[in-house]
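Report on one structure; see the data block that follows.
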Amino acid sequence: MRVMKESLPFLFLCAAGGAAAGLVLGSMEYIFELVPGLIVLVPAMIDMRGNISSTMGSRLGSAHHLGLMERGLGSSIVKENIKSTVALSVLLASILPILFWFTSFALSITIELRALIAIYLISISTGFTTGVLLSFISYFAVIMSIKYDLDPDNLSGPALTTVGDVLTLLVLFFFAYFIGGAIL
Amino acid sequence: MAFIGILGGQVLHSIEEYLLTFPVFLFLVPLMNDLGGNLGCVLASRVSSGFHSGYIEAHIKDKELTENMFITLLMGLITFLTVALGVAVSSAVIDLSTTALNLILVILGAGVITTVGTMIITITVSLISYKKRLDPDNIVIPVLTTLADLLSIISIFAMVWLVVIN
C-alpha cells in the first residue's frame, strides 16, 4: 500500500486547492445572478486552462531537459510557448461563447442578446489575461523546479492546474463584475 | 473537449437556482472536479508506466491492473469520505443552509459515482490507446480530466436532485 501512502497526501492537497477554488466560486453568487448563463463558461474555462497550462508546462520541462532554456525568458522556445499559449487561450475563449449559444439554442434556453455579448467579452478578456498570467506562472514553475532539482514534469501538472483554477476564477470574477456591471 | 466542458456548464446552469440557494454545492464543484481528475491521473500514470515497462499486461484481467483499480477505488472512498465529514462538521459552525446528513449523502454519493466512473474511463481509454499503439500518456489525461469534470458535475446534480429536492 505504498501507493496509497504516496498518493493520499497529494490527493488531500488537491482537495484543499479545490476548496480554495470553491471558495472563490461560492463568493461569485452575485455575479452569476448579474450575468445569466455565465456559469456555463466555468467548467469549460477551467478545463481549457488546465489543458493549456499542462501542455506548456511539460513542453518547457522537456525543453529544459534538452538544454533549450539557457537564455531564460529570452529563450526562443519560451517566447514561442508564451505566444502560442496566449493565442490558443484567446482562440478557445472566443469559441466557448459560440458553443454556449449553440447548446442553449439546442436546449431551448433563451439568452438575452446583451447577456451573450457580455459573456463573449468576459470570455475573451479572461482567456487573454489567464493565458498571459499562466504562461508566466508555468515558466516560473519550471524554473523553480529546476532550481530545487525537482523534475519539472512532476510539479507542473497538478500544481499548475490547481493554481490555474483559482486564478482563472478570480480573473473571471473580475471581468464579469466590471463588464457585467457595465453592460447589464 | 471544449464542447464537453460547455455541456458540463449547461448542466450546472440547469441547477443554478439550487446552487445559488445552497452555495455549499457550488463550492463543491471545483473540489470534486479536481479530486476526480487527480484520482484518474494517478491511476492513468501508474497504468501507463506499467504498460511501458511490461509490468502490467494490457488486458482487463491482469492482476496488477485490478489491484490498481482497487486501490483507486479505496483512495477515492477515503478522500471523499474525509471531505464529506469535513464539510459536515463545518456545517455545525457555519450555516450551510442544508443538513449535515444531506451534505454527507451528496458528497459521498457523488464521490462514489465520480470515482467509479473515472476509474472506468481511465482504464478503458488507457487500454484502447495502448492497443492502438498510441501513447497513453498523451491521450488519457486530457480526455480523462474533461470527462471526469462532466461526470462529477452530473453526479453532483443527480445527488442534489435526489437528496435535497426530494
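In the C-alpha cells, each chain is lettered A, B, ... as it comes, each chain's residues begin at 1, and ligands are numbered from 1 in order of appearance.
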
request  = Could you list the residues in chain A lying within 6 Å of chain B, using only C-alpha atoms, and format the result as a list in words?
outcome  =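 The contacting residues on chain A are Ala15, Gly18, Ala19, Gly22, Leu23, Gly26, Val40, Pro43 and Ala44 of chain A.
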
Got time to write the residues from that selection, N, CA and C atoms, as a compact mmCIF listing (two decimals), in the first residue's frame?
```txt
# COMPACT_ATOMS: atom_id res chain seq x y z
N ALA A 15 -7.48 18.40 -2.86
CA ALA A 15 -8.80 18.76 -2.35
C ALA A 15 -8.76 20.15 -1.74
N GLY A 18 -8.83 22.57 -4.45
CA GLY A 18 -10.18 22.62 -4.97
C GLY A 18 -11.08 23.43 -4.06
N ALA A 19 -10.83 23.30 -2.75
CA ALA A 19 -11.63 24.06 -1.79
C ALA A 19 -11.40 25.55 -1.98
N GLY A 22 -13.22 26.56 -4.85
CA GLY A 22 -14.63 26.53 -4.49
C GLY A 22 -15.06 27.76 -3.73
N LEU A 23 -14.17 28.25 -2.85
CA LEU A 23 -14.50 29.46 -2.09
C LEU A 23 -14.69 30.65 -3.02
N GLY A 26 -17.91 30.12 -4.81
CA GLY A 26 -19.04 30.35 -3.92
C GLY A 26 -19.30 31.83 -3.70
N VAL A 40 -22.16 28.73 -17.27
CA VAL A 40 -21.87 27.73 -18.30
C VAL A 40 -20.40 27.79 -18.72
N PRO A 43 -16.93 25.49 -16.14
CA PRO A 43 -16.19 24.23 -16.30
C PRO A 43 -15.31 24.24 -17.54
N ALA A 44 -15.86 24.82 -18.62
CA ALA A 44 -15.09 24.82 -19.87
C ALA A 44 -13.81 25.63 -19.73
```

key: All alpha helix (DSSP H) residues (DSSP, backbone) inside region 35-169 of chain A, as a PyMOL selection string   = chain A and resi 41-65+76-106+113-147+152-169

Would you save the residues from that selection as an mmCIF file, in the first residue's frame, using C-alpha atoms?
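Result file is out_31.cif:
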```cif
data_model
loop_
_atom_site.group_PDB
_atom_site.id
_atom_site.type_symbol
_atom_site.label_atom_id
_atom_site.label_comp_id
_atom_site.auth_asym_id
_atom_site.auth_seq_id
_atom_site.Cartn_x
_atom_site.Cartn_y
_atom_site.Cartn_z
ATOM 1 C CA LEU A 41 -18.414 29.107 -19.025
ATOM 2 C CA VAL A 42 -16.928 27.939 -15.748
ATOM 3 C CA PRO A 43 -16.193 24.228 -16.301
ATOM 4 C CA ALA A 44 -15.089 24.821 -19.865
ATOM 5 C CA MET A 45 -12.742 27.645 -18.902
ATOM 6 C CA ILE A 46 -11.207 25.628 -16.098
ATOM 7 C CA ASP A 47 -10.726 22.587 -18.344
ATOM 8 C CA MET A 48 -9.213 24.689 -21.082
ATOM 9 C CA ARG A 49 -6.930 26.450 -18.681
ATOM 10 C CA GLY A 50 -5.789 23.139 -17.200
ATOM 11 C CA ASN A 51 -5.037 21.557 -20.540
ATOM 12 C CA ILE A 52 -3.212 24.535 -21.999
ATOM 13 C CA SER A 53 -1.000 25.127 -18.974
ATOM 14 C CA SER A 54 -0.140 21.466 -18.532
ATOM 15 C CA THR A 55 0.873 21.292 -22.158
ATOM 16 C CA MET A 56 3.052 24.338 -21.788
ATOM 17 C CA GLY A 57 4.443 23.030 -18.510
ATOM 18 C CA SER A 58 5.509 19.737 -19.998
ATOM 19 C CA ARG A 59 6.857 21.369 -23.156
ATOM 20 C CA LEU A 60 9.040 23.656 -21.095
ATOM 21 C CA GLY A 61 10.059 20.710 -18.944
ATOM 22 C CA SER A 62 11.179 18.789 -21.988
ATOM 23 C CA ALA A 63 12.832 21.882 -23.421
ATOM 24 C CA HIS A 64 14.857 22.200 -20.288
ATOM 25 C CA HIS A 65 15.925 18.588 -20.490
ATOM 26 C CA SER A 76 13.113 31.445 -28.236
ATOM 27 C CA ILE A 77 11.308 28.348 -27.088
ATOM 28 C CA VAL A 78 9.958 30.180 -24.071
ATOM 29 C CA LYS A 79 8.825 33.149 -26.123
ATOM 30 C CA GLU A 80 7.214 30.861 -28.682
ATOM 31 C CA ASN A 81 5.391 28.942 -25.993
ATOM 32 C CA ILE A 82 4.097 32.086 -24.354
ATOM 33 C CA LYS A 83 2.841 33.406 -27.671
ATOM 34 C CA SER A 84 1.131 30.189 -28.642
ATOM 35 C CA THR A 85 -0.384 29.725 -25.194
ATOM 36 C CA VAL A 86 -1.927 33.174 -25.267
ATOM 37 C CA ALA A 87 -3.091 32.746 -28.868
ATOM 38 C CA LEU A 88 -4.633 29.380 -28.106
ATOM 39 C CA SER A 89 -6.350 30.731 -24.990
ATOM 40 C CA VAL A 90 -7.890 33.644 -26.854
ATOM 41 C CA LEU A 91 -8.963 31.389 -29.699
ATOM 42 C CA LEU A 92 -10.651 28.900 -27.413
ATOM 43 C CA ALA A 93 -12.103 31.688 -25.301
ATOM 44 C CA SER A 94 -13.825 33.053 -28.376
ATOM 45 C CA ILE A 95 -15.222 29.665 -29.312
ATOM 46 C CA LEU A 96 -16.731 28.986 -25.910
ATOM 47 C CA PRO A 97 -19.474 31.641 -26.138
ATOM 48 C CA ILE A 98 -20.426 30.270 -29.562
ATOM 49 C CA LEU A 99 -20.743 26.776 -28.117
ATOM 50 C CA PHE A 100 -22.715 28.287 -25.256
ATOM 51 C CA TRP A 101 -25.105 29.954 -27.682
ATOM 52 C CA PHE A 102 -25.413 26.790 -29.752
ATOM 53 C CA THR A 103 -26.112 24.473 -26.828
ATOM 54 C CA SER A 104 -28.562 26.930 -25.310
ATOM 55 C CA PHE A 105 -30.336 27.111 -28.631
ATOM 56 C CA ALA A 106 -30.428 23.321 -28.891
ATOM 57 C CA LEU A 113 -28.534 39.397 -26.522
ATOM 58 C CA ARG A 114 -26.898 41.726 -24.013
ATOM 59 C CA ALA A 115 -26.044 38.752 -21.827
ATOM 60 C CA LEU A 116 -24.475 36.963 -24.785
ATOM 61 C CA ILE A 117 -22.363 39.982 -25.694
ATOM 62 C CA ALA A 118 -21.307 40.373 -22.081
ATOM 63 C CA ILE A 119 -20.366 36.707 -21.905
ATOM 64 C CA TYR A 120 -18.414 36.979 -25.136
ATOM 65 C CA LEU A 121 -16.390 39.940 -23.890
ATOM 66 C CA ILE A 122 -15.869 38.371 -20.488
ATOM 67 C CA SER A 123 -14.720 35.129 -22.057
ATOM 68 C CA ILE A 124 -12.166 36.749 -24.342
ATOM 69 C CA SER A 125 -10.742 39.059 -21.688
ATOM 70 C CA THR A 126 -10.484 36.216 -19.215
ATOM 71 C CA GLY A 127 -8.938 33.962 -21.835
ATOM 72 C CA PHE A 128 -6.325 36.529 -22.761
ATOM 73 C CA THR A 129 -5.449 37.503 -19.214
ATOM 74 C CA THR A 130 -5.248 33.977 -17.874
ATOM 75 C CA GLY A 131 -3.258 32.976 -20.940
ATOM 76 C CA VAL A 132 -0.663 35.627 -20.184
ATOM 77 C CA LEU A 133 -0.606 35.073 -16.422
ATOM 78 C CA LEU A 134 -0.488 31.322 -16.567
ATOM 79 C CA SER A 135 2.181 31.145 -19.209
ATOM 80 C CA PHE A 136 4.459 33.189 -16.975
ATOM 81 C CA ILE A 137 3.488 31.103 -13.983
ATOM 82 C CA SER A 138 4.209 27.905 -15.920
ATOM 83 C CA TYR A 139 7.575 29.291 -16.867
ATOM 84 C CA PHE A 140 8.437 30.190 -13.287
ATOM 85 C CA ALA A 141 7.142 26.858 -12.022
ATOM 86 C CA VAL A 142 9.540 25.087 -14.347
ATOM 87 C CA ILE A 143 12.401 27.393 -13.323
ATOM 88 C CA MET A 144 11.666 26.773 -9.644
ATOM 89 C CA SER A 145 11.640 23.044 -10.044
ATOM 90 C CA ILE A 146 14.939 23.208 -11.894
ATOM 91 C CA LYS A 147 16.446 25.339 -9.165
ATOM 92 C CA PRO A 152 9.594 19.766 -13.806
ATOM 93 C CA ASP A 153 7.163 17.222 -15.168
ATOM 94 C CA ASN A 154 6.045 16.141 -11.725
ATOM 95 C CA LEU A 155 5.475 19.636 -10.461
ATOM 96 C CA SER A 156 3.835 21.201 -13.466
ATOM 97 C CA GLY A 157 0.687 19.100 -13.845
ATOM 98 C CA PRO A 158 -1.130 19.228 -10.508
ATOM 99 C CA ALA A 159 0.379 22.414 -9.117
ATOM 100 C CA LEU A 160 -0.318 24.390 -12.255
ATOM 101 C CA THR A 161 -3.888 23.200 -12.604
ATOM 102 C CA THR A 162 -4.735 24.000 -9.003
ATOM 103 C CA VAL A 163 -3.221 27.474 -9.122
ATOM 104 C CA GLY A 164 -4.702 27.895 -12.563
ATOM 105 C CA ASP A 165 -8.192 27.051 -11.332
ATOM 106 C CA VAL A 166 -8.157 29.611 -8.542
ATOM 107 C CA LEU A 167 -6.587 32.250 -10.766
ATOM 108 C CA THR A 168 -8.995 31.644 -13.640
ATOM 109 C CA LEU A 169 -11.972 32.019 -11.332
#
```

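One finds CA of Ala58 (chain B) at 19.6 Å from CA of Gly117 (chain B).
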
key: d(CA of Leu77 (chain B), CA of Tyr130 (chain B)) in Å   = 27.8 Å

If you count only C-alpha atoms, which residues fall within 8 Å of region 119-126 of chain B, apart from same-chain ones fewer than 3 positions away, as an mmCIF file with N, CA and C atoms, in the first residue's frame?
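In the end it all went to part-v4.cif:
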```cif
data_model
loop_
_atom_site.group_PDB
_atom_site.id
_atom_site.type_symbol
_atom_site.label_atom_id
_atom_site.label_comp_id
_atom_site.auth_asym_id
_atom_site.auth_seq_id
_atom_site.Cartn_x
_atom_site.Cartn_y
_atom_site.Cartn_z
ATOM 1 N N LEU B 39 -7.546 11.605 -9.169
ATOM 2 C CA LEU B 39 -7.611 10.152 -8.966
ATOM 3 C C LEU B 39 -7.340 9.449 -10.283
ATOM 4 N N GLY B 40 -8.006 9.976 -11.321
ATOM 5 C CA GLY B 40 -7.816 9.397 -12.646
ATOM 6 C C GLY B 40 -6.376 9.524 -13.113
ATOM 7 N N LEU B 43 -4.038 7.082 -11.369
ATOM 8 C CA LEU B 43 -4.239 5.755 -11.934
ATOM 9 C C LEU B 43 -3.650 5.695 -13.333
ATOM 10 N N ALA B 44 -3.963 6.723 -14.136
ATOM 11 C CA ALA B 44 -3.509 6.736 -15.528
ATOM 12 C C ALA B 44 -1.994 6.654 -15.633
ATOM 13 N N VAL B 47 -0.760 3.173 -14.589
ATOM 14 C CA VAL B 47 -1.087 2.165 -15.590
ATOM 15 C C VAL B 47 -0.206 2.330 -16.819
ATOM 16 N N SER B 48 -0.040 3.588 -17.225
ATOM 17 C CA SER B 48 0.785 3.852 -18.396
ATOM 18 C C SER B 48 2.229 3.381 -18.181
ATOM 19 N N MET B 69 -6.816 -0.762 -9.769
ATOM 20 C CA MET B 69 -8.196 -0.293 -9.810
ATOM 21 C C MET B 69 -8.774 -0.277 -8.394
ATOM 22 N N THR B 72 -7.397 2.541 -6.362
ATOM 23 C CA THR B 72 -8.006 3.809 -6.758
ATOM 24 C C THR B 72 -9.367 3.984 -6.100
ATOM 25 N N LEU B 73 -10.178 2.918 -6.151
ATOM 26 C CA LEU B 73 -11.494 2.978 -5.516
ATOM 27 C C LEU B 73 -11.368 3.285 -4.027
ATOM 28 N N THR B 115 -15.739 8.480 -8.610
ATOM 29 C CA THR B 115 -14.578 7.590 -8.520
ATOM 30 C C THR B 115 -14.737 6.395 -9.438
ATOM 31 N N VAL B 116 -15.879 5.735 -9.338
ATOM 32 C CA VAL B 116 -16.103 4.552 -10.171
ATOM 33 C C VAL B 116 -16.059 4.920 -11.646
ATOM 34 N N SER B 129 -6.053 3.077 -26.038
ATOM 35 C CA SER B 129 -4.968 3.804 -26.687
ATOM 36 C C SER B 129 -3.721 2.930 -26.773
ATOM 37 N N TYR B 130 -3.498 2.104 -25.774
ATOM 38 C CA TYR B 130 -2.317 1.246 -25.837
ATOM 39 C C TYR B 130 -2.458 0.206 -26.937
ATOM 40 N N PRO B 136 -0.404 6.209 -24.296
ATOM 41 C CA PRO B 136 -1.475 6.551 -23.360
ATOM 42 C C PRO B 136 -1.263 7.888 -22.695
ATOM 43 N N ILE B 139 -2.947 10.795 -24.579
ATOM 44 C CA ILE B 139 -4.388 10.780 -24.818
ATOM 45 C C ILE B 139 -5.192 10.772 -23.528
ATOM 46 N N VAL B 140 -4.781 9.918 -22.621
ATOM 47 C CA VAL B 140 -5.641 9.660 -21.465
ATOM 48 C C VAL B 140 -5.923 10.903 -20.640
ATOM 49 N N LEU B 144 -9.519 12.251 -19.981
ATOM 50 C CA LEU B 144 -9.967 11.909 -18.655
ATOM 51 C C LEU B 144 -10.410 13.118 -17.855
#
```

request  = Would you please work out which residue, of B:Ser155, B:Thr118, B:Asn102, B:Ser49, is nearest to Leu85 (chain B) when using only C-alpha atoms?
outcome  =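 Smallest distance to Leu85 (chain B) is found for B:Asn102.
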